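J.: So I've got this file, upload.cif, and it contains mmCIF, N, CA and C atoms:
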```
data_entry
loop_
_atom_site.label_atom_id
_atom_site.label_comp_id
_atom_site.auth_asym_id
_atom_site.auth_seq_id
_atom_site.Cartn_x
_atom_site.Cartn_y
_atom_site.Cartn_z
N MET A 17 2.11 16.90 3.14
CA MET A 17 2.35 15.70 3.91
C MET A 17 3.61 15.01 3.41
N ALA A 18 3.59 14.39 2.25
CA ALA A 18 4.76 13.71 1.71
C ALA A 18 5.64 14.73 1.00
N HIS A 19 6.92 14.61 1.22
CA HIS A 19 7.85 15.56 0.62
C HIS A 19 8.45 15.06 -0.67
N ASN A 20 8.36 13.76 -0.92
CA ASN A 20 8.85 13.20 -2.17
C ASN A 20 8.10 11.90 -2.46
N PRO A 21 8.22 11.37 -3.66
CA PRO A 21 7.48 10.16 -4.02
C PRO A 21 7.79 8.95 -3.13
N LEU A 22 9.01 8.81 -2.69
CA LEU A 22 9.36 7.67 -1.83
C LEU A 22 8.61 7.75 -0.49
N GLN A 23 8.54 8.95 0.08
CA GLN A 23 7.80 9.12 1.33
C GLN A 23 6.31 8.85 1.11
N ALA A 24 5.79 9.27 -0.02
CA ALA A 24 4.38 9.01 -0.33
C ALA A 24 4.12 7.52 -0.41
N ALA A 25 4.99 6.79 -1.09
CA ALA A 25 4.83 5.33 -1.21
C ALA A 25 4.91 4.66 0.16
N ALA A 26 5.85 5.11 0.99
CA ALA A 26 5.97 4.54 2.34
C ALA A 26 4.69 4.77 3.14
N TYR A 27 4.11 5.94 3.03
CA TYR A 27 2.87 6.24 3.75
C TYR A 27 1.71 5.39 3.23
N VAL A 28 1.59 5.29 1.92
CA VAL A 28 0.50 4.53 1.31
C VAL A 28 0.59 3.05 1.70
N LEU A 29 1.80 2.52 1.83
CA LEU A 29 1.98 1.11 2.13
C LEU A 29 2.14 0.81 3.62
N GLU A 30 1.98 1.80 4.48
CA GLU A 30 2.05 1.61 5.92
C GLU A 30 0.71 1.03 6.38
N PRO A 31 0.68 -0.24 6.79
CA PRO A 31 -0.60 -0.89 7.14
C PRO A 31 -1.39 -0.14 8.20
N GLU A 32 -0.71 0.48 9.14
CA GLU A 32 -1.42 1.22 10.20
C GLU A 32 -2.24 2.37 9.63
N PHE A 33 -1.82 2.93 8.52
CA PHE A 33 -2.50 4.08 7.93
C PHE A 33 -3.39 3.71 6.73
N ARG A 34 -3.62 2.44 6.51
CA ARG A 34 -4.37 1.98 5.33
C ARG A 34 -5.74 2.64 5.23
N ARG A 35 -6.38 2.88 6.34
CA ARG A 35 -7.74 3.44 6.32
C ARG A 35 -7.79 4.96 6.26
N HIS A 36 -6.65 5.61 6.25
CA HIS A 36 -6.63 7.07 6.15
C HIS A 36 -7.10 7.50 4.77
N GLU A 37 -7.39 8.74 4.61
CA GLU A 37 -7.98 9.25 3.38
C GLU A 37 -6.98 9.56 2.27
N HIS A 38 -5.79 8.96 2.31
CA HIS A 38 -4.79 9.25 1.28
C HIS A 38 -5.23 8.79 -0.10
N GLU A 39 -6.14 7.81 -0.16
CA GLU A 39 -6.56 7.32 -1.48
C GLU A 39 -7.43 8.33 -2.23
N ALA A 40 -7.87 9.37 -1.57
CA ALA A 40 -8.76 10.34 -2.20
C ALA A 40 -8.06 11.22 -3.24
N GLY A 41 -6.75 11.25 -3.24
CA GLY A 41 -6.03 12.05 -4.23
C GLY A 41 -5.00 12.94 -3.59
N GLY A 42 -4.57 13.93 -4.32
CA GLY A 42 -3.64 14.89 -3.78
C GLY A 42 -2.19 14.45 -3.86
N GLU A 43 -1.39 15.11 -3.07
CA GLU A 43 0.07 14.94 -3.12
C GLU A 43 0.51 13.51 -2.87
N VAL A 44 -0.09 12.86 -1.90
CA VAL A 44 0.32 11.49 -1.56
C VAL A 44 0.09 10.55 -2.74
N MET A 45 -1.08 10.61 -3.34
CA MET A 45 -1.37 9.69 -4.43
C MET A 45 -0.57 10.04 -5.69
N ARG A 46 -0.26 11.29 -5.90
CA ARG A 46 0.63 11.66 -7.02
C ARG A 46 2.02 11.06 -6.80
N GLY A 47 2.50 11.13 -5.56
CA GLY A 47 3.79 10.54 -5.24
C GLY A 47 3.79 9.03 -5.41
N TRP A 48 2.70 8.39 -5.00
CA TRP A 48 2.56 6.94 -5.16
C TRP A 48 2.59 6.57 -6.64
N ALA A 49 1.87 7.31 -7.46
CA ALA A 49 1.85 7.05 -8.90
C ALA A 49 3.24 7.24 -9.52
N THR A 50 3.95 8.27 -9.07
CA THR A 50 5.30 8.50 -9.57
C THR A 50 6.22 7.33 -9.22
N MET A 51 6.11 6.82 -8.00
CA MET A 51 6.94 5.68 -7.60
C MET A 51 6.60 4.45 -8.43
N LEU A 52 5.33 4.21 -8.68
CA LEU A 52 4.96 3.06 -9.51
C LEU A 52 5.54 3.20 -10.91
N GLU A 53 5.48 4.38 -11.47
CA GLU A 53 6.02 4.60 -12.81
C GLU A 53 7.53 4.38 -12.85
N ARG A 54 8.22 4.81 -11.80
CA ARG A 54 9.68 4.65 -11.75
C ARG A 54 10.08 3.20 -11.55
N LEU A 55 9.38 2.52 -10.65
CA LEU A 55 9.74 1.13 -10.33
C LEU A 55 9.23 0.14 -11.36
N LEU A 56 8.10 0.45 -11.97
CA LEU A 56 7.47 -0.47 -12.91
C LEU A 56 7.16 0.24 -14.22
N PRO A 57 8.16 0.43 -15.08
CA PRO A 57 7.93 1.17 -16.33
C PRO A 57 7.01 0.43 -17.31
N ASP A 58 6.90 -0.88 -17.16
CA ASP A 58 6.02 -1.66 -18.03
C ASP A 58 4.56 -1.48 -17.59
N ASP A 59 3.71 -1.10 -18.53
CA ASP A 59 2.30 -0.83 -18.21
C ASP A 59 1.60 -2.03 -17.58
N GLN A 60 1.87 -3.23 -18.07
CA GLN A 60 1.22 -4.44 -17.54
C GLN A 60 1.64 -4.70 -16.09
N ASP A 61 2.92 -4.56 -15.81
CA ASP A 61 3.40 -4.73 -14.43
C ASP A 61 2.78 -3.70 -13.50
N ARG A 62 2.70 -2.47 -13.97
CA ARG A 62 2.12 -1.40 -13.15
C ARG A 62 0.64 -1.65 -12.91
N ALA A 63 -0.07 -2.12 -13.91
CA ALA A 63 -1.50 -2.43 -13.75
C ALA A 63 -1.70 -3.54 -12.72
N GLU A 64 -0.83 -4.54 -12.74
CA GLU A 64 -0.92 -5.62 -11.76
C GLU A 64 -0.66 -5.10 -10.34
N ALA A 65 0.33 -4.23 -10.20
CA ALA A 65 0.62 -3.63 -8.89
C ALA A 65 -0.56 -2.78 -8.41
N GLU A 66 -1.19 -2.06 -9.30
CA GLU A 66 -2.35 -1.24 -8.93
C GLU A 66 -3.50 -2.13 -8.48
N ASP A 67 -3.69 -3.27 -9.14
CA ASP A 67 -4.73 -4.22 -8.72
C ASP A 67 -4.43 -4.76 -7.33
N GLN A 68 -3.17 -5.09 -7.08
CA GLN A 68 -2.78 -5.60 -5.76
C GLN A 68 -2.97 -4.53 -4.69
N TYR A 69 -2.68 -3.28 -5.03
CA TYR A 69 -2.89 -2.19 -4.08
C TYR A 69 -4.38 -2.05 -3.74
N THR A 70 -5.22 -2.19 -4.74
CA THR A 70 -6.66 -2.13 -4.50
C THR A 70 -7.09 -3.26 -3.56
N ASP A 71 -6.58 -4.47 -3.78
CA ASP A 71 -6.88 -5.59 -2.88
C ASP A 71 -6.46 -5.25 -1.45
N TYR A 72 -5.30 -4.65 -1.31
CA TYR A 72 -4.78 -4.25 0.00
C TYR A 72 -5.72 -3.24 0.67
N LEU A 73 -6.15 -2.24 -0.10
CA LEU A 73 -7.02 -1.20 0.46
C LEU A 73 -8.35 -1.74 0.93
N ILE A 74 -8.94 -2.63 0.13
CA ILE A 74 -10.30 -3.09 0.45
C ILE A 74 -10.33 -4.48 1.09
N GLN A 75 -9.17 -4.96 1.50
CA GLN A 75 -9.04 -6.25 2.18
C GLN A 75 -9.69 -7.37 1.36
N GLN A 76 -9.18 -7.56 0.19
CA GLN A 76 -9.71 -8.55 -0.75
C GLN A 76 -8.55 -9.45 -1.18
N GLY A 77 -8.85 -10.61 -1.75
CA GLY A 77 -7.80 -11.50 -2.23
C GLY A 77 -6.89 -11.94 -1.10
N HIS A 78 -5.60 -11.84 -1.32
CA HIS A 78 -4.60 -12.24 -0.32
C HIS A 78 -4.79 -11.49 1.00
N PHE A 79 -5.33 -10.30 0.94
CA PHE A 79 -5.52 -9.46 2.13
C PHE A 79 -6.94 -9.55 2.69
N GLY A 80 -7.70 -10.55 2.26
CA GLY A 80 -9.12 -10.58 2.54
C GLY A 80 -9.59 -11.41 3.71
N ALA A 81 -10.70 -12.09 3.46
CA ALA A 81 -11.44 -12.82 4.49
C ALA A 81 -10.53 -13.73 5.32
N GLY A 82 -10.84 -13.80 6.60
CA GLY A 82 -10.11 -14.65 7.50
C GLY A 82 -8.76 -14.11 7.94
N LYS A 83 -8.50 -12.87 7.64
CA LYS A 83 -7.19 -12.27 7.94
C LYS A 83 -7.27 -11.23 9.06
N THR A 84 -8.19 -11.41 9.99
CA THR A 84 -8.39 -10.45 11.07
C THR A 84 -7.11 -10.20 11.85
N THR A 85 -6.38 -11.27 12.17
CA THR A 85 -5.13 -11.11 12.92
C THR A 85 -4.14 -10.24 12.17
N MET A 86 -4.08 -10.42 10.85
CA MET A 86 -3.18 -9.63 10.02
C MET A 86 -3.42 -8.14 10.23
N TRP A 87 -4.68 -7.76 10.23
CA TRP A 87 -5.00 -6.32 10.34
C TRP A 87 -4.88 -5.82 11.77
N LEU A 88 -5.11 -6.67 12.75
CA LEU A 88 -4.88 -6.27 14.14
C LEU A 88 -3.39 -6.04 14.38
N LYS A 89 -2.57 -6.87 13.81
CA LYS A 89 -1.11 -6.73 13.96
C LYS A 89 -0.59 -5.46 13.28
N ALA A 90 -1.32 -4.95 12.31
CA ALA A 90 -0.89 -3.73 11.61
C ALA A 90 -0.76 -2.56 12.57
N ARG A 91 -1.47 -2.61 13.67
CA ARG A 91 -1.41 -1.53 14.66
C ARG A 91 -0.17 -1.59 15.54
N SER A 92 0.38 -2.78 15.70
CA SER A 92 1.48 -2.93 16.65
C SER A 92 2.82 -3.31 16.02
N MET A 93 2.81 -3.85 14.82
CA MET A 93 4.07 -4.25 14.16
C MET A 93 4.64 -3.11 13.34
N SER A 94 5.95 -3.12 13.19
CA SER A 94 6.55 -2.16 12.26
C SER A 94 6.10 -2.55 10.84
N ALA A 95 6.07 -1.57 9.96
CA ALA A 95 5.60 -1.82 8.60
C ALA A 95 6.43 -2.87 7.89
N TRP A 96 7.76 -2.78 8.01
CA TRP A 96 8.59 -3.76 7.31
C TRP A 96 8.33 -5.16 7.83
N ARG A 97 8.15 -5.35 9.13
CA ARG A 97 7.88 -6.67 9.69
C ARG A 97 6.51 -7.17 9.24
N TRP A 98 5.53 -6.27 9.22
CA TRP A 98 4.18 -6.66 8.78
C TRP A 98 4.23 -7.17 7.34
N TRP A 99 4.91 -6.43 6.44
CA TRP A 99 4.99 -6.86 5.04
C TRP A 99 5.78 -8.15 4.90
N MET A 100 6.82 -8.34 5.69
CA MET A 100 7.59 -9.60 5.63
C MET A 100 6.73 -10.77 6.09
N THR A 101 5.88 -10.54 7.09
CA THR A 101 5.05 -11.59 7.65
C THR A 101 3.81 -11.87 6.82
N TYR A 102 3.14 -10.82 6.36
CA TYR A 102 1.82 -10.98 5.73
C TYR A 102 1.76 -10.59 4.26
N GLY A 103 2.80 -9.96 3.74
CA GLY A 103 2.74 -9.44 2.38
C GLY A 103 2.69 -10.46 1.26
N GLY A 104 2.95 -11.69 1.57
CA GLY A 104 2.87 -12.75 0.56
C GLY A 104 4.07 -12.78 -0.27
#
```
Rewrite the coordinates I just gave you, this time as structure tokens.

T.:
Amino acid sequence: MAHNPLQAAAYVLEPEFRRHEHEAGGEVMRGWATMLERLLPDDQDRAEAEDQYTDYLIQQGHFGAGKTTMWLKARSMSAWRWWMTYGG
């Protein structure tokens, strides 16, 4: 599926595909982990990003309750516009 870590990160962070099975492992998640390591070499920063990613996946915290419109818009907005509007 993903040909390099950047493509994997783009797929993982595409709101329209949030519910796909990419979190189960494999090439996509290895690419995502590689991108996190490259962008966030500090372990504490990376751990915080991983926590935020978990919130995103399970619709918790900033991505949680009362955000129905946010997730409906994920189907029709481009990913960059969605993150600019709702990413916090």

J.: Show which residues sit within 8 Å of A:Arg91, as an MDAnalysis selection string. Count all atoms listed in the file, and ignore same-chain residues fewer than 6 positions away.

T.: chainID A and resid 31:33

J.: Take atom C of A:Asn20 and atom C of A:Thr85 and report the distance between them in Å, one decimal.

T.: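 Distance reported for this atom pair: 29.2 Å.
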
J.: Just the residues within 8 Å of A:Val28, please, counting only C-alpha atoms, with nothing from its chain fewer than 3 positions along; format it as number ranges by chain.

T.: A: 24-25, 33-34, 38, 44-45, 48

J.: How many Å separate atom N of A:Ala90 from atom N of A:Pro57?

T.: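 Here the two named atoms are 29.5 Å from each other.
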
J.: Take atom CA of A:Gln60 and atom CA of A:Glu30 and report the distance between them in Å, one decimal.

T.: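 Interatomic distance here is 24.2 Å.
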
J.: Identify which of the residues A:Met93, A:Leu29, A:Arg54, A:Trp98 lies closest to A:Thr70, counting only C-alpha atoms when measuring atom-to-atom distances.

T.: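 Once distances to A:Thr70 are computed over only C-alpha atoms, the minimum belongs to A:Leu29.
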
J.: Of the residues A:Met86, A:Ala63, A:Gln23, A:Met100, which is the one nearest to A:Arg46, using only C-alpha atoms?

T.: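 Of all the options, A:Gln23 lies closest to A:Arg46.
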
J.: With distances taken over only N, CA and C atoms, which residue among A:Glu64, A:Pro21, A:Tyr27, A:Leu73 lies nearest A:Ala49?

T.: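 Once distances to A:Ala49 are computed over only N, CA and C atoms, the minimum belongs to A:Pro21.
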